[in-house]
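Undergrad: Starting off with a structure, shown below.
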2 protein chains.
Amino acid sequence: MNAAAELQALVGEKTVLGASDAFTERHLRDFNIEAKGDAAAPVAVAYPSSTEDVSKILKYCNDHDIPVVPQGGLSGLCGGAVPVRPSLLMSLERMRAVQDVDTSGGTMTVQAGVTLDTVQKTADENGLLFPLDTGGRHAHIAGNASTNAGGNRVLRYGMMRDLILGVEAVLMDGTVISSMNRMIKNNTGYDLKQLFIGSEGTLGVITRLVLRLHPKPLSVSTALCALPGFDDAVKLLNHVRPRLGGQLSAFEVMWPGFYETGTVKLNRTPPLPLNDETGIYVLMEAMGGDPDGDPERFASVMGEALEQGLVLDAVVAQSDKDARELWAIRDCPGEFQAAGHMPQLGFDVSVPTGQIGEFARQVDERLTAKWPKHKTLYFGHIADGNLHVSVKLDENAGTEHEMDEMLYELIGEWGGSISAEHGIGLHKKPYLHYSRSSEELALMRSIKSAMDPKGLLNPGKVI
Amino acid sequence: MNAAAELQALVGEKTVLGASDAFTERHLRDFNIEAKGDAAAPVAVAYPSSTEDVSKILKYCNDHDIPVVPQGGLSGLCGGAVPVRPSLLMSLERMRAVQDVDTSGGTMTVQAGVTLDTVQKTADENGLLFPLDTGGRHAHIAGNASTNAGGNRVLRYGMMRDLILGVEAVLMDGTVISSMNRMIKNNTGYDLKQLFIGSEGTLGVITRLVLRLHPKPLSVSTALCALPGFDDAVKLLNHVRPRLGGQLSAFEVMWPGFYETGTVKLNRTPPLPLNDETGIYVLMEAMGGDPDGDPERFASVMGEALEQGLVLDAVVAQSDKDARELWAIRDCPGEFQAAGHMPQLGFDVSVPTGQIGEFARQVDERLTAKWPKHKTLYFGHIADGNLHVSVKLDENAGTEHEMDEMLYELIGEWGGSISAEHGIGLHKKPYLHYSRSSEELALMRSIKSAMDPKGLLNPGKVI
């Protein structure tokens with residue numbers, strides 16, 4: 001009897017499919033990266049519908065030395081859920097129950113396979129907010145947890161790590177670690193949930209989560225500003241942040257090339273909310289609790305910034321439609337193809353906020369020295385230190401690794417991070433040493449050995 | 001040559017004192033708990049002044065099987081820094097440099113022994129806020145980190161864990177793990193710093209930290225309210241929180257016995273800002289960015305709550321002096337002796353916010369059944385699920401363990417936490433199983449073994 005058949009006997013016929021099945025295909029790639037060679041022939045695909053199933057399957061695989069790759073919505077960007085050798089692929093997509101919403105305590109208890117979209121809508125229906133705001137709404141919530149997803153509102157609400165109170169996860173040997181804490185304060189020994197958050201499924205398979213919900217904002221103010229240069233954007237951030245008293249929820253910086261791409265290159269109507277010849281652009285958002293007073297306060301803080309010359313020009317959204325149009329400019333990476341900015345290489349890095357401007361200048365310098373015809377767009381969540389770089393390398397498509405090496409080496413020199421929010425997965429693993437010391441890497445390996453001694457859980461990822 | 005002499009040869013005479021030295025005395029107790037028997041005779045006391053010293057001392061002790069107890073400001077409440085067997089006591093008090101303040105990025109880099117007070121003042125001098133607000137200002141910042149300190153402003157700014165971006169720590173074998181990240185977003189592999197935060201010095205000795213600073217508030221509004229009962233306090237929280245748009249910074253609930261103690265029993269002037277015959281009391285604080293508009297907004301939100309009958313009576317502070325007087329009521333545990341509420345047993349537990357009222361009622365029921373003359377005061381940071389219980393057991397002082405057992409068993413039944421913010425240390429170790437499963441405890445032990453195979457670092461604590 002083969003593994004698939006034995007697993008079927010263990011957890012039911014419908015829970016495990018043999019590798020020959022037509023369903024397999026969609027489990028072999030994430031948003032960017034595809035399984036290659038041997039890895040494209042999985043041992044089986046499992047669709048557990050309970051924590052118990054997950055535990056049984058993992059124990060079986062551990063006993064039989066079968067690698068396991070946990071999979072969520074497969075919307076990741078670094079190959080964290082893509083197999084690198086023949087493995088059992090474990091999709092959590094059947095575990096999609098919202099088990100509890102506690103409006104007094106502000107918590108939601110969900111199974112792993114609930115989508116971010118469902119979490120957001122459920123919070124909203126209960127008069128609350130789940131603030132994680134990334135591009136991938138069809139991501140599974142446990143995928144967001146295991147990659148510690150970020151996005152636009154981190155400066156106000158934190159990363160996914162900050163939005164998780166409890167985790168239930170299963171170790172490779174089948175042990176269920178149920179740390180389904182529901183309180184903000186809980187100092188009872190080691191905070192085990194932290195091990196599973198951001199470790200990209202290499203230490204355990206997350207089966208359930210207790211999420212932290214926030215009060216729903218009663219007002220939203222949005223503005224697009226044009227500024228002389230990057231340093232002014234930092235000054236603007238330090239001007240508006242205290243004056244909005246913690247209500248600033250997004251501060252997205254766009255360099256001119258990016259702004260041009262998100263507007264004129266996409267033939268937007270209206271074409272240009274602000275002219276495209278200024279040094280830098282900032283999209284700002286504040287979320288408040290006073291629908292009558294907040295817009296006035298927002299306008300007054302913006303007015304001060306204009307008077308002080310921090311901002312050269314600005315438009316404040318007067319309606320939801322206005323706000324959506326301003327956000328569409330920032331969200332243009334989804335339309336890079338239509339804007340002619342393809343093929344592209346994307347980078348997600350971080351350095352301290354005040355250094356981003358100089359860092360971006362240096363990236364451009366090095367790119368130009370090597371690839372004079374490159375077309376590079378810069379944008380970022382600068383309050384978090386997070387810069388995104390999108391490079392179009394028309395003239396020389398075979399240099400991907402060379403570019404990675406160059407950029408991540410530079411990040412190493414700056415003491416920055418080679419992955420601000422997308423994770424390491426498969427793609428960034430060779431460059432991890434630019435952001436982490438050999439002692440840190442050794443400690444990561446020692447934790448990995450302690451929790452998965454045979455190295456069977458999501459092998460070949462992260463470390 | 002004995003260990004002290006060998007260590008002196010290694011790191012210098014002034015860095016290590018023999019156990020006979022007069023300085024030893026103060027290293028044998030924290031705020032509550034004292035070293036007993038053998039443990040009161042340490043091998044030596046070390047005062048390293050650099051990470052390198054810490055590394056050398058730990059390596060020596062690891063090689064020679066000498067237990068090490070790291071010590072900060074010794075203001076802990078659970079004995080986490082008190083030795084349980086003859087050990088080397090390592091005080092970080094000489095490592096007290098503030099190494100960097102980055103006002104653009106909002107970070108401060110400090111050595112372990114900097115006090116919380118110094119961190120707060122330094123942030124303030126740089127126009128920023130370090131929001132951790134606990135009773136113990138002379139705590140060392142690394143002690144706050146290793147116990148994951150909480151306090152009054154957690155609902156707005158999070159626990160100490162949320163205020164730390166980077167950690168440098170030394171493992172028992174002398175390996176320096178330098179994860180001095182300065183960015184909000186950094187997803188480069190396992191988030192190692194989480195291992196050292198809240199693990200009470202059992203996994204490594206924290207030597208440096210990168211702290212996250214927040215914008216300094218430009219306005220503070222404070223009010224004391226009297227409400228019919230606990231459920232109304234939850235309703236009030238859910239009323240004010242969204243309407244203050246994220247600016248609510250404290251929401252402290254006091255049961256009538258506590259309120260009476262903090263006012264009339266201490267002979268305050270004025271004696272009673274609100275009468276002492278109401279069901280429950282709430283001290284609220286909001287921090288905003290608009291000194292002109294915020295007080296009006298705060299008053300209007302309070303006015304609505306009064307109109308809706310959520311609040312029966314309220315006083316809003318009109319000056320800093322008013323605010324200090326209102327906070328003095330909440331801060332009365334420091335004066336329990338003067339108020340005649342001594343000797344007392346203190347508890348720091350958590351259950352989900354909406355259940356705290358019923359939980360407190362049940363605690364009182366069980367206490368009364370067993371100790372009819374007990375006098376118990378209840379207060380808490382309810383938005384965090386955190387309840388403090390202070391019991392005066394005049395009639396039967398020998399029942400401390402019995403009371404602990406009763407209360408923590410009840411917490412277990414409620415799925416709560418036996419330590420919301422004080423940690424486990426020595427004192428709560430026997431009860432940890434009420435909040436953690438055997439699988440969780442086994443995983444904690446396995447992490448401990450991986451990082452400190454000989455079990456020499458802060459032995460006898462937490463697990």
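In the structure tokens, the first chain shown is A, the next is B, and so on; residue numbers restart at 1 for each chain, and ligands run from 1 in the order shown.
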From the DSSP assignment of the backbone, select every residue of range 122-226 of chain A that is alpha helix (DSSP H), and format the answer as JSON, numbers by chain.
TA: {"A": [122, 123, 124, 125, 141, 142, 143, 144, 145, 146, 154, 155, 156, 157, 193, 194, 195, 196]}
Undergrad: Keeping only C-alpha atoms, write the selected residues to a file as a PDB file, in the first residue's frame.
TA:
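Dumped to selection.pdb:
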ATOM      1  CA  THR A 122     -16.831  39.377   9.560  1.00  0.00           C
ATOM      2  CA  ALA A 123     -15.138  41.986  11.753  1.00  0.00           C
ATOM      3  CA  ASP A 124     -16.972  44.736   9.883  1.00  0.00           C
ATOM      4  CA  GLU A 125     -20.357  43.005  10.284  1.00  0.00           C
ATOM      5  CA  ILE A 141      -5.338  33.987   7.484  1.00  0.00           C
ATOM      6  CA  ALA A 142      -2.901  31.302   8.645  1.00  0.00           C
ATOM      7  CA  GLY A 143      -0.728  32.151   5.652  1.00  0.00           C
ATOM      8  CA  ASN A 144      -0.774  35.785   6.782  1.00  0.00           C
ATOM      9  CA  ALA A 145       0.256  34.551  10.225  1.00  0.00           C
ATOM     10  CA  SER A 146       2.998  32.225   9.075  1.00  0.00           C
ATOM     11  CA  VAL A 154       1.340  48.804   9.957  1.00  0.00           C
ATOM     12  CA  LEU A 155       2.365  52.214  11.318  1.00  0.00           C
ATOM     13  CA  ARG A 156      -0.962  52.360  13.181  1.00  0.00           C
ATOM     14  CA  TYR A 157      -1.962  48.749  13.836  1.00  0.00           C
ATOM     15  CA  LYS A 193       2.806  31.497  19.484  1.00  0.00           C
ATOM     16  CA  GLN A 194       5.709  33.715  18.402  1.00  0.00           C
ATOM     17  CA  LEU A 195       7.508  30.595  17.149  1.00  0.00           C
ATOM     18  CA  PHE A 196       4.788  29.883  14.613  1.00  0.00           C
TER      19      PHE A 196
END
Undergrad: Tell me which protein, DNA and RNA residues are within 10 Å of Glu409 in chain A, counting only C-alpha atoms, leaving out same-chain ones fewer than 4 positions away, and put them as a list in words.
TA: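 Listed by chain and then number, they are Met403, Asp404, Glu405, Glu413, Trp414, Gly415, Gly416, Ile418, Tyr431, His433, Tyr434 and Ser435 of chain A.
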Undergrad: Can you list, as JSON, numbers by chain, every protein, DNA or RNA residue that comes within 8 Å of Arg153 in chain A when you count only C-alpha atoms, leaving out same-chain residues fewer than 3 positions away?
TA: {"A": [131, 132, 133, 150, 156, 157, 158, 249, 250]}
Undergrad: Give me the residues of chain B that have any atom at most 6 Å from an atom of chain A; for each, the nearest atom pair and the distance in Å, rounded to one decimal. Use only C-alpha atoms, sort by chain and number, and format it as a tab-separated table.
TA:
residue	atom	partner	partner_atom	distance
B:Ser104	CA	A:Gly354	CA	5.2
B:Gly105	CA	A:Thr353	CA	5.0
B:Ile177	CA	A:Glu440	CA	5.8
B:Met183	CA	A:Gly385	CA	5.5
B:Ile184	CA	A:Asp384	CA	4.7
B:Lys185	CA	A:Ala420	CA	4.8
B:Asn186	CA	A:Ala420	CA	4.3
B:Asn187	CA	A:Gly423	CA	5.2
B:Thr188	CA	A:Ser419	CA	5.6
B:Gly189	CA	A:Val462	CA	5.9
B:Tyr190	CA	A:Ser199	CA	5.4
B:Ser199	CA	A:Tyr190	CA	5.4
B:Pro215	CA	A:Pro242	CA	5.2
B:Pro242	CA	A:Pro215	CA	5.2
B:Arg243	CA	A:Gly289	CA	4.2
B:Leu244	CA	A:Gly289	CA	5.2
B:Gly245	CA	A:Gly289	CA	3.9
B:Gly288	CA	A:Gly245	CA	4.3
B:Gly289	CA	A:Gly245	CA	3.9
B:Pro352	CA	A:Met183	CA	5.6
B:Thr353	CA	A:Gly105	CA	5.0
B:Gly354	CA	A:Ser104	CA	5.2
B:Asp384	CA	A:Ile184	CA	4.7
B:Gly385	CA	A:Met183	CA	5.5
B:Ser417	CA	A:Asn186	CA	5.8
B:Ser419	CA	A:Asn187	CA	5.3
B:Ala420	CA	A:Asn186	CA	4.3
B:Glu421	CA	A:Asn187	CA	5.5
B:Gly423	CA	A:Asn187	CA	5.2
B:Glu439	CA	A:Ile177	CA	6.0
B:Glu440	CA	A:Ile177	CA	5.8
B:Val462	CA	A:Gly189	CA	5.9
Undergrad: Give me, please, the distance in Å between CA of Pro86 in chain B and CA of Ile66 in chain B, quoted to one decimal.
TA: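 So the two atoms, CA of Pro86 in chain B and CA of Ile66 in chain B, lie 8.4 Å apart.
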